[in-house]
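Chemist: Coordinates in data17.tsv, TSV, C-alpha atoms and all ligand atoms, are listed below.
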```
chain	number	residue	atom	x	y	z
A	23	MET	CA	91.76	79.50	123.10
A	24	SER	CA	91.37	81.36	119.80
A	25	ALA	CA	88.42	83.68	119.21
A	26	PRO	CA	85.46	82.41	117.16
A	27	ALA	CA	85.52	83.39	113.47
A	28	ASP	CA	82.86	86.11	113.85
A	29	ALA	CA	84.14	87.64	117.11
A	30	GLY	CA	84.87	91.38	117.15
A	31	MET	CA	88.16	92.95	118.10
A	32	PRO	CA	89.27	92.83	121.76
A	33	ALA	CA	88.11	96.02	123.51
A	34	ASP	CA	91.59	97.06	124.68
A	35	LEU	CA	92.95	96.93	121.12
A	36	LEU	CA	89.94	98.68	119.64
A	37	ALA	CA	90.60	101.55	122.07
A	38	HIS	CA	94.17	101.80	120.75
A	39	ALA	CA	92.97	101.76	117.13
A	40	ARG	CA	90.52	104.56	117.93
A	41	ALA	CA	93.24	106.61	119.61
A	42	ALA	CA	95.78	106.30	116.75
A	43	LYS	CA	96.08	109.05	114.17
A	44	GLY	CA	94.99	107.96	110.73
A	45	PHE	CA	92.52	107.42	107.97
A	46	MET	CA	90.65	104.23	108.80
A	47	PRO	CA	86.94	104.38	109.71
A	48	GLU	CA	86.13	101.92	112.48
A	49	ASP	CA	83.71	99.73	110.50
A	50	GLU	CA	86.25	99.31	107.69
A	51	GLY	CA	89.02	98.64	110.22
A	52	LEU	CA	86.92	95.92	111.80
A	53	LEU	CA	86.39	94.35	108.36
A	54	LEU	CA	90.16	94.38	107.86
A	55	HIS	CA	90.60	92.76	111.26
A	56	ARG	CA	88.08	90.02	110.47
A	57	LEU	CA	89.64	89.24	107.08
A	58	ALA	CA	93.16	89.21	108.53
A	59	ARG	CA	92.13	86.88	111.33
A	60	ARG	CA	90.78	84.45	108.75
A	61	ARG	CA	93.86	84.61	106.52
A	62	LEU	CA	96.82	84.89	108.94
A	63	PRO	CA	96.99	81.16	109.73
A	64	LEU	CA	97.79	80.63	106.01
A	65	GLY	CA	100.62	83.15	105.60
A	66	PRO	CA	101.69	86.73	106.28
A	67	VAL	CA	99.61	89.84	105.74
A	68	LEU	CA	101.19	92.88	104.09
A	69	GLU	CA	99.92	96.41	104.31
A	70	MET	CA	101.07	99.01	101.76
A	71	GLY	CA	100.59	102.40	103.49
A	72	THR	CA	101.24	102.53	107.23
A	73	TYR	CA	100.97	106.26	108.05
A	74	CYS	CA	100.70	106.39	111.88
A	75	GLY	CA	99.55	102.79	112.33
A	76	LYS	CA	95.78	103.03	112.63
A	77	SER	CA	94.91	100.25	110.16
A	78	ALA	CA	98.04	98.37	111.26
A	79	ILE	CA	96.53	98.02	114.75
A	80	TYR	CA	93.46	96.26	113.31
A	81	LEU	CA	95.74	93.89	111.37
A	82	ALA	CA	98.21	93.25	114.20
A	83	ALA	CA	95.34	92.68	116.64
A	84	ALA	CA	94.27	89.78	114.41
A	85	ALA	CA	97.82	88.39	114.56
A	86	ARG	CA	97.79	88.59	118.35
A	87	GLU	CA	94.59	86.53	118.36
A	88	VAL	CA	95.38	83.85	115.79
A	89	GLY	CA	99.19	84.06	115.40
A	90	GLY	CA	101.14	85.11	112.33
A	91	THR	CA	102.95	88.22	111.16
A	92	VAL	CA	101.94	91.50	109.55
A	93	PHE	CA	104.35	93.53	107.39
A	94	THR	CA	103.62	97.20	106.82
A	95	VAL	CA	105.45	99.24	104.16
A	96	ASP	CA	105.78	103.03	104.02
A	97	HIS	CA	108.51	105.59	103.35
A	98	HIS	CA	106.87	107.61	106.15
A	99	ARG	CA	107.25	110.85	104.19
A	100	GLY	CA	103.53	111.12	103.41
A	101	SER	CA	101.60	110.85	100.16
A	102	GLU	CA	101.34	113.79	97.78
A	103	GLU	CA	97.79	114.46	98.98
A	104	ILE	CA	98.72	114.89	102.66
A	105	GLN	CA	101.67	117.28	102.26
A	106	PRO	CA	101.58	120.83	103.76
A	107	GLY	CA	98.79	122.89	102.22
A	108	TRP	CA	96.50	119.92	101.60
A	109	GLU	CA	93.26	119.34	103.51
A	110	HIS	CA	94.41	116.25	105.45
A	111	HIS	CA	97.90	117.50	106.32
A	112	ASP	CA	98.75	117.24	110.03
A	113	PRO	CA	101.54	119.66	111.00
A	114	GLU	CA	102.26	117.55	114.09
A	115	VAL	CA	103.86	114.82	111.94
A	116	VAL	CA	106.49	117.12	110.41
A	117	ASP	CA	110.11	116.55	111.46
A	118	THR	CA	111.05	120.14	112.35
A	119	GLU	CA	114.78	119.62	111.81
A	120	LEU	CA	114.42	118.19	108.31
A	121	GLY	CA	111.21	120.02	107.40
A	122	VAL	CA	109.62	116.85	105.98
A	123	MET	CA	106.88	114.53	107.22
A	124	ASP	CA	107.96	111.65	109.44
A	125	THR	CA	105.13	109.39	110.61
A	126	LEU	CA	107.40	106.56	111.76
A	127	PRO	CA	107.67	107.72	115.43
A	128	PHE	CA	103.87	107.97	115.62
A	129	PHE	CA	103.51	104.46	114.22
A	130	ARG	CA	106.08	103.07	116.68
A	131	ARG	CA	104.42	104.74	119.67
A	132	ALA	CA	100.92	103.60	118.65
A	133	LEU	CA	101.98	99.96	118.23
A	134	ALA	CA	104.05	99.96	121.43
A	135	ARG	CA	101.14	101.42	123.42
A	136	ALA	CA	98.89	98.71	122.00
A	137	GLY	CA	101.43	96.01	122.93
A	138	LEU	CA	101.54	94.79	119.32
A	139	GLU	CA	105.22	95.22	118.44
A	140	ASP	CA	105.83	91.45	118.27
A	141	GLN	CA	103.08	90.99	115.67
A	142	ILE	CA	104.19	93.60	113.13
A	143	VAL	CA	107.30	94.40	111.10
A	144	ALA	CA	107.68	97.92	109.72
A	145	VAL	CA	109.48	98.14	106.39
A	146	VAL	CA	110.62	101.71	105.72
A	147	GLY	CA	111.08	102.43	102.04
A	148	ARG	CA	109.44	103.22	98.73
A	149	SER	CA	106.74	100.80	97.64
A	150	THR	CA	108.36	99.95	94.30
A	151	THR	CA	111.85	99.56	95.81
A	152	VAL	CA	110.61	97.09	98.41
A	153	SER	CA	108.21	95.19	96.15
A	154	ALA	CA	110.98	94.67	93.56
A	155	TRP	CA	112.81	92.51	96.14
A	156	TRP	CA	109.78	90.86	97.76
A	157	ARG	CA	109.42	87.09	97.21
A	158	THR	CA	107.12	85.84	100.00
A	159	PRO	CA	103.60	84.61	99.20
A	160	LEU	CA	100.97	86.69	100.99
A	161	ALA	CA	97.72	85.45	102.50
A	162	LEU	CA	96.29	88.98	102.39
A	163	LEU	CA	97.50	92.21	100.79
A	164	PHE	CA	96.03	95.54	101.89
A	165	ILE	CA	96.69	98.47	99.55
A	166	ASP	CA	96.33	101.93	101.12
A	167	GLY	CA	99.38	103.80	99.81
A	168	GLY	CA	99.70	106.82	97.52
A	169	HIS	CA	96.45	107.68	95.81
A	170	SER	CA	97.82	109.16	92.59
A	171	GLU	CA	97.29	107.05	89.45
A	172	GLU	CA	101.03	106.34	89.25
A	173	HIS	CA	101.40	105.13	92.83
A	174	ALA	CA	98.12	103.22	93.08
A	175	GLN	CA	98.85	101.32	89.85
A	176	ALA	CA	102.47	100.66	90.88
A	177	ASP	CA	101.30	99.27	94.24
A	178	TYR	CA	99.02	96.82	92.43
A	179	THR	CA	101.63	95.85	89.82
A	180	GLY	CA	104.36	95.44	92.43
A	181	TRP	CA	102.53	93.77	95.30
A	182	ALA	CA	99.48	91.90	93.97
A	183	PRO	CA	101.63	89.23	92.23
A	184	TRP	CA	102.63	88.01	95.70
A	185	VAL	CA	99.09	87.19	96.78
A	186	MET	CA	98.76	83.40	96.94
A	187	ALA	CA	96.02	81.55	95.05
A	188	ASP	CA	92.74	82.11	96.93
A	189	GLY	CA	94.42	84.90	98.91
A	190	LEU	CA	92.81	88.29	99.42
A	191	LEU	CA	93.56	91.71	97.94
A	192	VAL	CA	91.92	94.48	99.96
A	193	ILE	CA	91.85	97.99	98.49
A	194	HIS	CA	90.97	101.14	100.43
A	195	ASP	CA	89.36	104.36	99.15
A	196	VAL	CA	87.54	102.76	96.23
A	197	PHE	CA	84.98	105.33	95.10
A	198	PRO	CA	82.86	104.24	92.11
A	199	ASP	CA	81.22	107.71	92.13
A	200	PRO	CA	83.79	110.44	91.38
A	201	ALA	CA	81.77	112.81	93.59
A	202	ASP	CA	82.87	110.77	96.63
A	203	GLY	CA	86.66	110.84	96.11
A	204	GLY	CA	89.70	110.29	93.92
A	205	ARG	CA	89.61	107.68	91.16
A	206	PRO	CA	92.95	105.80	91.12
A	207	PRO	CA	92.06	103.16	93.77
A	208	TYR	CA	88.80	102.55	91.85
A	209	HIS	CA	90.77	102.16	88.63
A	210	VAL	CA	92.99	99.56	90.33
A	211	PHE	CA	89.90	97.75	91.62
A	212	ARG	CA	88.46	97.70	88.07
A	213	ARG	CA	91.78	96.59	86.58
A	214	ALA	CA	91.87	93.62	88.96
A	215	LEU	CA	88.24	92.65	88.35
A	216	ASP	CA	88.45	93.12	84.58
A	217	SER	CA	91.52	90.86	84.40
A	218	GLY	CA	89.27	87.97	85.43
A	219	ASP	CA	91.88	86.84	87.96
A	220	TRP	CA	90.07	88.33	90.98
A	221	VAL	CA	86.48	88.22	92.22
A	222	GLU	CA	84.89	90.62	94.66
A	223	VAL	CA	84.08	88.96	97.99
A	224	GLU	CA	83.35	91.86	100.37
A	225	ALA	CA	82.49	95.56	100.12
A	226	LEU	CA	82.04	98.02	102.96
A	227	GLY	CA	82.26	101.80	102.69
A	228	SER	CA	85.25	102.43	100.43
A	229	MET	CA	86.83	99.04	101.21
A	230	ARG	CA	86.78	96.27	98.62
A	231	ALA	CA	88.08	92.73	99.14
A	232	LEU	CA	88.94	90.54	96.15
A	233	ARG	CA	89.93	86.87	96.08
A	234	ARG	CA	92.60	85.64	93.68
A	235	VAL	CA	91.06	83.08	91.33
A	236	GLY	CA	93.74	83.23	88.60
A	237	GLY	CA	97.44	82.65	89.07
A	238	ASP	CA	99.51	82.07	92.19
A	239	ALA	CA	102.19	83.90	94.19
A	240	GLY	CA	104.94	85.12	91.87
A	241	ASP	CA	102.74	85.28	88.76
A	242	ALA	CA	102.47	88.77	87.26
A	243	VAL	CA	99.09	90.47	87.43
A	244	ARG	CA	97.26	91.91	84.44
B	301	LIG	C1	96.41	106.94	103.14
B	301	LIG	S1	97.91	106.84	104.01
B	301	LIG	C2	97.77	105.31	104.86
B	301	LIG	C3	96.73	105.35	105.94
B	301	LIG	C4	96.80	104.22	106.94
B	301	LIG	N1	96.58	102.93	106.34
B	301	LIG	C5	95.84	104.47	108.10
B	301	LIG	O1	95.16	103.53	108.55
B	301	LIG	O2	95.77	105.61	108.59
B	301	LIG	C6	99.06	106.48	102.74
B	301	LIG	C7	100.49	106.23	103.19
B	301	LIG	O3	101.20	105.73	102.06
B	301	LIG	C8	102.51	106.22	102.09
B	301	LIG	N2	103.02	106.22	100.72
B	301	LIG	C9	102.52	106.88	99.65
B	301	LIG	N3	103.21	106.61	98.53
B	301	LIG	C10	104.19	105.75	98.91
B	301	LIG	C11	105.25	105.09	98.19
B	301	LIG	N4	105.42	105.27	96.88
B	301	LIG	N5	106.08	104.29	98.88
B	301	LIG	C12	105.93	104.11	100.23
B	301	LIG	N6	104.93	104.70	100.95
B	301	LIG	C13	104.08	105.51	100.29
B	301	LIG	C14	102.42	107.59	102.69
B	301	LIG	O4	103.65	107.96	103.29
B	301	LIG	C15	101.25	107.45	103.67
B	301	LIG	O5	101.71	107.26	104.99
```
Spit out the file's structure as structure tokens when you get a sec.

Modeler:
Amino acid sequence: MSAPADAGMPADLLAHARAAKGFMPEDEGLLLHRLARRRLPLGPVLEMGTYCGKSAIYLAAAAREVGGTVFTVDHHRGSEEIQPGWEHHDPEVVDTELGVMDTLPFFRRALARAGLEDQIVAVVGRSTTVSAWWRTPLALLFIDGGHSEEHAQADYTGWAPWVMADGLLVIHDVFPDPADGGRPPYHVFRRALDSGDWVEVEALGSMRALRRVGGDAGDAVR
């Protein structure tokens, strides 16, 4: 029997999400889980920005409950803002042989421990390289990749066209007040809203969910 629409996340999976390394506050992760559970019966969910799999567990947990598949895209070399010397850098995720970040093993271990490997497909590559070849309509797109202006805008330009009509675009780290954090995800949020093709449907912390009201999968976004 499937869970009711307002049910929380199963306790065993929530424990795995809490234990995973990453940048997803629990309340925002639970919002992601709730939105994914609603949308997964209509098509796949794609996450741009896997890191070590914390948010992916919330998404894949929804797929375990209602069926469906989650794709998660990352080159696993870390964003500019989490490289050595930056505040959120974690030396544990550096491949000592190559001397570069490699978060893929942490992602794989976290999803295997949670028993969610059948619900999620990891795509390892650059956002723009993968999105250039992507053709599948998405029921929900979650953008949490590089937070520079260049990468945040490219994630929107490359991935948002694949959101189906009425599908959801969820953006993380949207800070309307510059005192709270970096601006590029907010600029992407404004770009989407100002285009008139998206309307805001949920907001929690730095998470914003928008519904596509203009265009359909494959149509370019403005
Ligand atoms: C903020 S972290 C994602 C956090 C994750 N969602 C979580 O719950 O912890 C951003 C991720 O985006 C990836 N990334 C940044 N720019 C990228 C690009 N151009 N192509 C692919 N991955 C990228 C980084 O490697 C990093 O793992």

Chemist: Between A:Gly121, A:Gly168, A:Gly75, A:Pro127, which has the minimum distance to Glu102 in chain A (counting all atoms listed in the file)?

Modeler: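 Smallest separation from Glu102 in chain A among the options: A:Gly168.
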
Chemist: Quick one: residues within 9 Å of ligand LIG 301 (chain B), with all atoms listed in the file, as a ChimeraX atom specification?

Modeler: /A:42-47,51,69-80,95-104,123-126,146-152,164-170,172-174,176-177,194-195

Chemist: Near Pro63 in chain A, within 10 Å and counting only C-alpha atoms, which residues show up once chain neighbours fewer than 6 positions away are dropped, as number ranges by chain?

Modeler: A: 85, 88-91, 161

Chemist: Which residues are near Gly30 in chain A? Cut-off 12 Å, only C-alpha atoms, ignore same chain within fewer than 4 positions. Put them as a list in words.

Modeler: Ala25, Pro26, Asp34, Leu35, Leu36, Glu48, Asp49, Gly51, Leu52, Leu53, Leu54, His55, Arg56, Leu57, Arg59, Tyr80, Ala83, Ala84 and Glu87 of chain A

Chemist: Record the distance separating CA of Gly237 in chain A and CA of Thr94 in chain A, expressed in Å with one decimal.

Modeler: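 CA of Gly237 in chain A sits 23.8 Å away from CA of Thr94 in chain A.
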
Chemist: Calculate how many Å separate CA of Glu50 in chain A from CA of Ala33 in chain A, rounding to one decimal.

Modeler: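 One can read the CA of Glu50 in chain A to CA of Ala33 in chain A distance as 16.3 Å.
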
Chemist: Just give me the gap between CA of Thr158 in chain A and CA of Pro32 in chain A in Å, one decimal is fine.

Modeler: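 Interatomic distance here is 29.0 Å.
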
Chemist: Can you check which parts of range 131-238 of chain A lie within 10 Å of range 64-67 of chain A? Per residue, the shortest pair of atoms and distance in Å to one decimal, counting all atoms listed in the file, sorted by chain and number, as JSON lines.

Modeler:
```
{"residue": "A:Ile142", "atom": "CA", "partner": "A:Val67", "partner_atom": "CA", "distance": 9.5}
{"residue": "A:Thr158", "atom": "CA", "partner": "A:Pro66", "partner_atom": "CA", "distance": 8.3}
{"residue": "A:Pro159", "atom": "CA", "partner": "A:Gly65", "partner_atom": "CA", "distance": 7.2}
{"residue": "A:Leu160", "atom": "CA", "partner": "A:Pro66", "partner_atom": "CA", "distance": 5.3}
{"residue": "A:Ala161", "atom": "CA", "partner": "A:Gly65", "partner_atom": "CA", "distance": 4.8}
{"residue": "A:Leu162", "atom": "CA", "partner": "A:Val67", "partner_atom": "CA", "distance": 4.8}
{"residue": "A:Leu163", "atom": "CA", "partner": "A:Val67", "partner_atom": "CA", "distance": 5.9}
{"residue": "A:Phe164", "atom": "CA", "partner": "A:Val67", "partner_atom": "CA", "distance": 7.8}
{"residue": "A:Val185", "atom": "CA", "partner": "A:Val67", "partner_atom": "CA", "distance": 9.4}
{"residue": "A:Met186", "atom": "CA", "partner": "A:Gly65", "partner_atom": "CA", "distance": 8.9}
{"residue": "A:Gly189", "atom": "CA", "partner": "A:Leu64", "partner_atom": "CA", "distance": 8.9}
{"residue": "A:Leu190", "atom": "CA", "partner": "A:Val67", "partner_atom": "CA", "distance": 9.4}
```

Chemist: Output the selection as a tab-separated table (two decimals), in the frame of the given file - C-alpha atoms for each residue.

Modeler:
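Contents of again_25.tsv, freshly written:
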```tsv
chain	number	residue	atom	x	y	z
A	142	ILE	CA	104.19	93.60	113.13
A	158	THR	CA	107.12	85.84	100.00
A	159	PRO	CA	103.60	84.61	99.20
A	160	LEU	CA	100.97	86.69	100.99
A	161	ALA	CA	97.72	85.45	102.50
A	162	LEU	CA	96.29	88.98	102.39
A	163	LEU	CA	97.50	92.21	100.79
A	164	PHE	CA	96.03	95.54	101.89
A	185	VAL	CA	99.09	87.19	96.78
A	186	MET	CA	98.76	83.40	96.94
A	189	GLY	CA	94.42	84.90	98.91
A	190	LEU	CA	92.81	88.29	99.42
```

Chemist: Which neighbours of Trp184 in chain A fall inside 8 Å, counting only C-alpha atoms, when residues of the same chain fewer than 3 positions from it are skipped, and could you give them as an NGL selection string?

Modeler: :A and (156-160 or 181 or 238-241)

Chemist: Of the candidates A:Val221, A:Leu133, A:Leu120, A:Val243, which shows the shortest atom-to-atom distance to Pro183 in chain A, using all atoms listed in the file?

Modeler: A:Val243

Chemist: A:Leu232, A:Ala37, A:Leu226, A:Val122: which is nearest Phe197 in chain A, counting all atoms listed in the file?

Modeler: A:Leu226

Chemist: Find the spatial neighbours of Gln141 in chain A, counting all atoms listed in the file, within a cut-off of 7 Å - ignore same-chain residues fewer than 2 positions away - and output them as a list in words.

Modeler: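 Once the adjacent positions are removed, what remains is Ala82, Ala85, Arg86, Thr91, Val92, Leu138 and Glu139 of chain A.
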
Chemist: Filtering to C-alpha atoms, could you give me those residues as a compact mmCIF listing (two decimals), in the frame of the given file?

Modeler:
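The file below, part.txt, is the result:
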```
# COMPACT_ATOMS: atom_id res chain seq x y z
CA ALA A 82 98.21 93.25 114.20
CA ALA A 85 97.82 88.39 114.56
CA ARG A 86 97.79 88.59 118.35
CA THR A 91 102.95 88.22 111.16
CA VAL A 92 101.94 91.50 109.55
CA LEU A 138 101.54 94.79 119.32
CA GLU A 139 105.22 95.22 118.44
```

Chemist: Quick one: of A:Arg244, A:Arg130, A:Leu62, A:Val235, who's nearest to Val145 in chain A, counting only C-alpha atoms?

Modeler: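 Once distances to Val145 in chain A are computed over only C-alpha atoms, the minimum belongs to A:Arg130.
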
Chemist: Applying 8 Å and only C-alpha atoms, which residues near Ala231 in chain A remain after dropping the ones on its own chain fewer than 4 positions away? List them as a list in words.

Modeler: Leu190, Leu191, Val192, Ile193, Glu222, Val223, Glu224 and Ala225 of chain A

Chemist: Would you mind exporting the chosen residues as a PDB file, in the coordinates of the input, restricted to C-alpha atoms?

Modeler:
```pdb
ATOM      1  CA  LEU A 190      92.810  88.290  99.420  1.00  0.00           C
ATOM      2  CA  LEU A 191      93.560  91.710  97.940  1.00  0.00           C
ATOM      3  CA  VAL A 192      91.920  94.480  99.960  1.00  0.00           C
ATOM      4  CA  ILE A 193      91.850  97.990  98.490  1.00  0.00           C
ATOM      5  CA  GLU A 222      84.890  90.620  94.660  1.00  0.00           C
ATOM      6  CA  VAL A 223      84.080  88.960  97.990  1.00  0.00           C
ATOM      7  CA  GLU A 224      83.350  91.860 100.370  1.00  0.00           C
ATOM      8  CA  ALA A 225      82.490  95.560 100.120  1.00  0.00           C
TER       9      ALA A 225
END
```

Chemist: Out of A:Asp199, A:Phe211, A:Leu68, A:Arg233, which residue has the shortest atom-to-atom distance to Ala144 in chain A when counting all atoms listed in the file?

Modeler: A:Leu68

Chemist: Point out the residue among A:Trp220, A:Gly180, A:Gln175, A:Trp155 with the least atom-to-atom distance to Arg205 in chain A, counting only C-alpha atoms.

Modeler: A:Gln175

Chemist: For range 221-234 of chain A, take all atoms listed in the file, fit an axis-aligned box around them, add 5 Å to each of the six sides, then output centre and edge lengths in Å rounded to one decimal, as JSON.

Modeler:
```
{"center_x": 87.3, "center_y": 94.0, "center_z": 97.6, "size_x": 20.6, "size_y": 26.8, "size_z": 20.7}
```
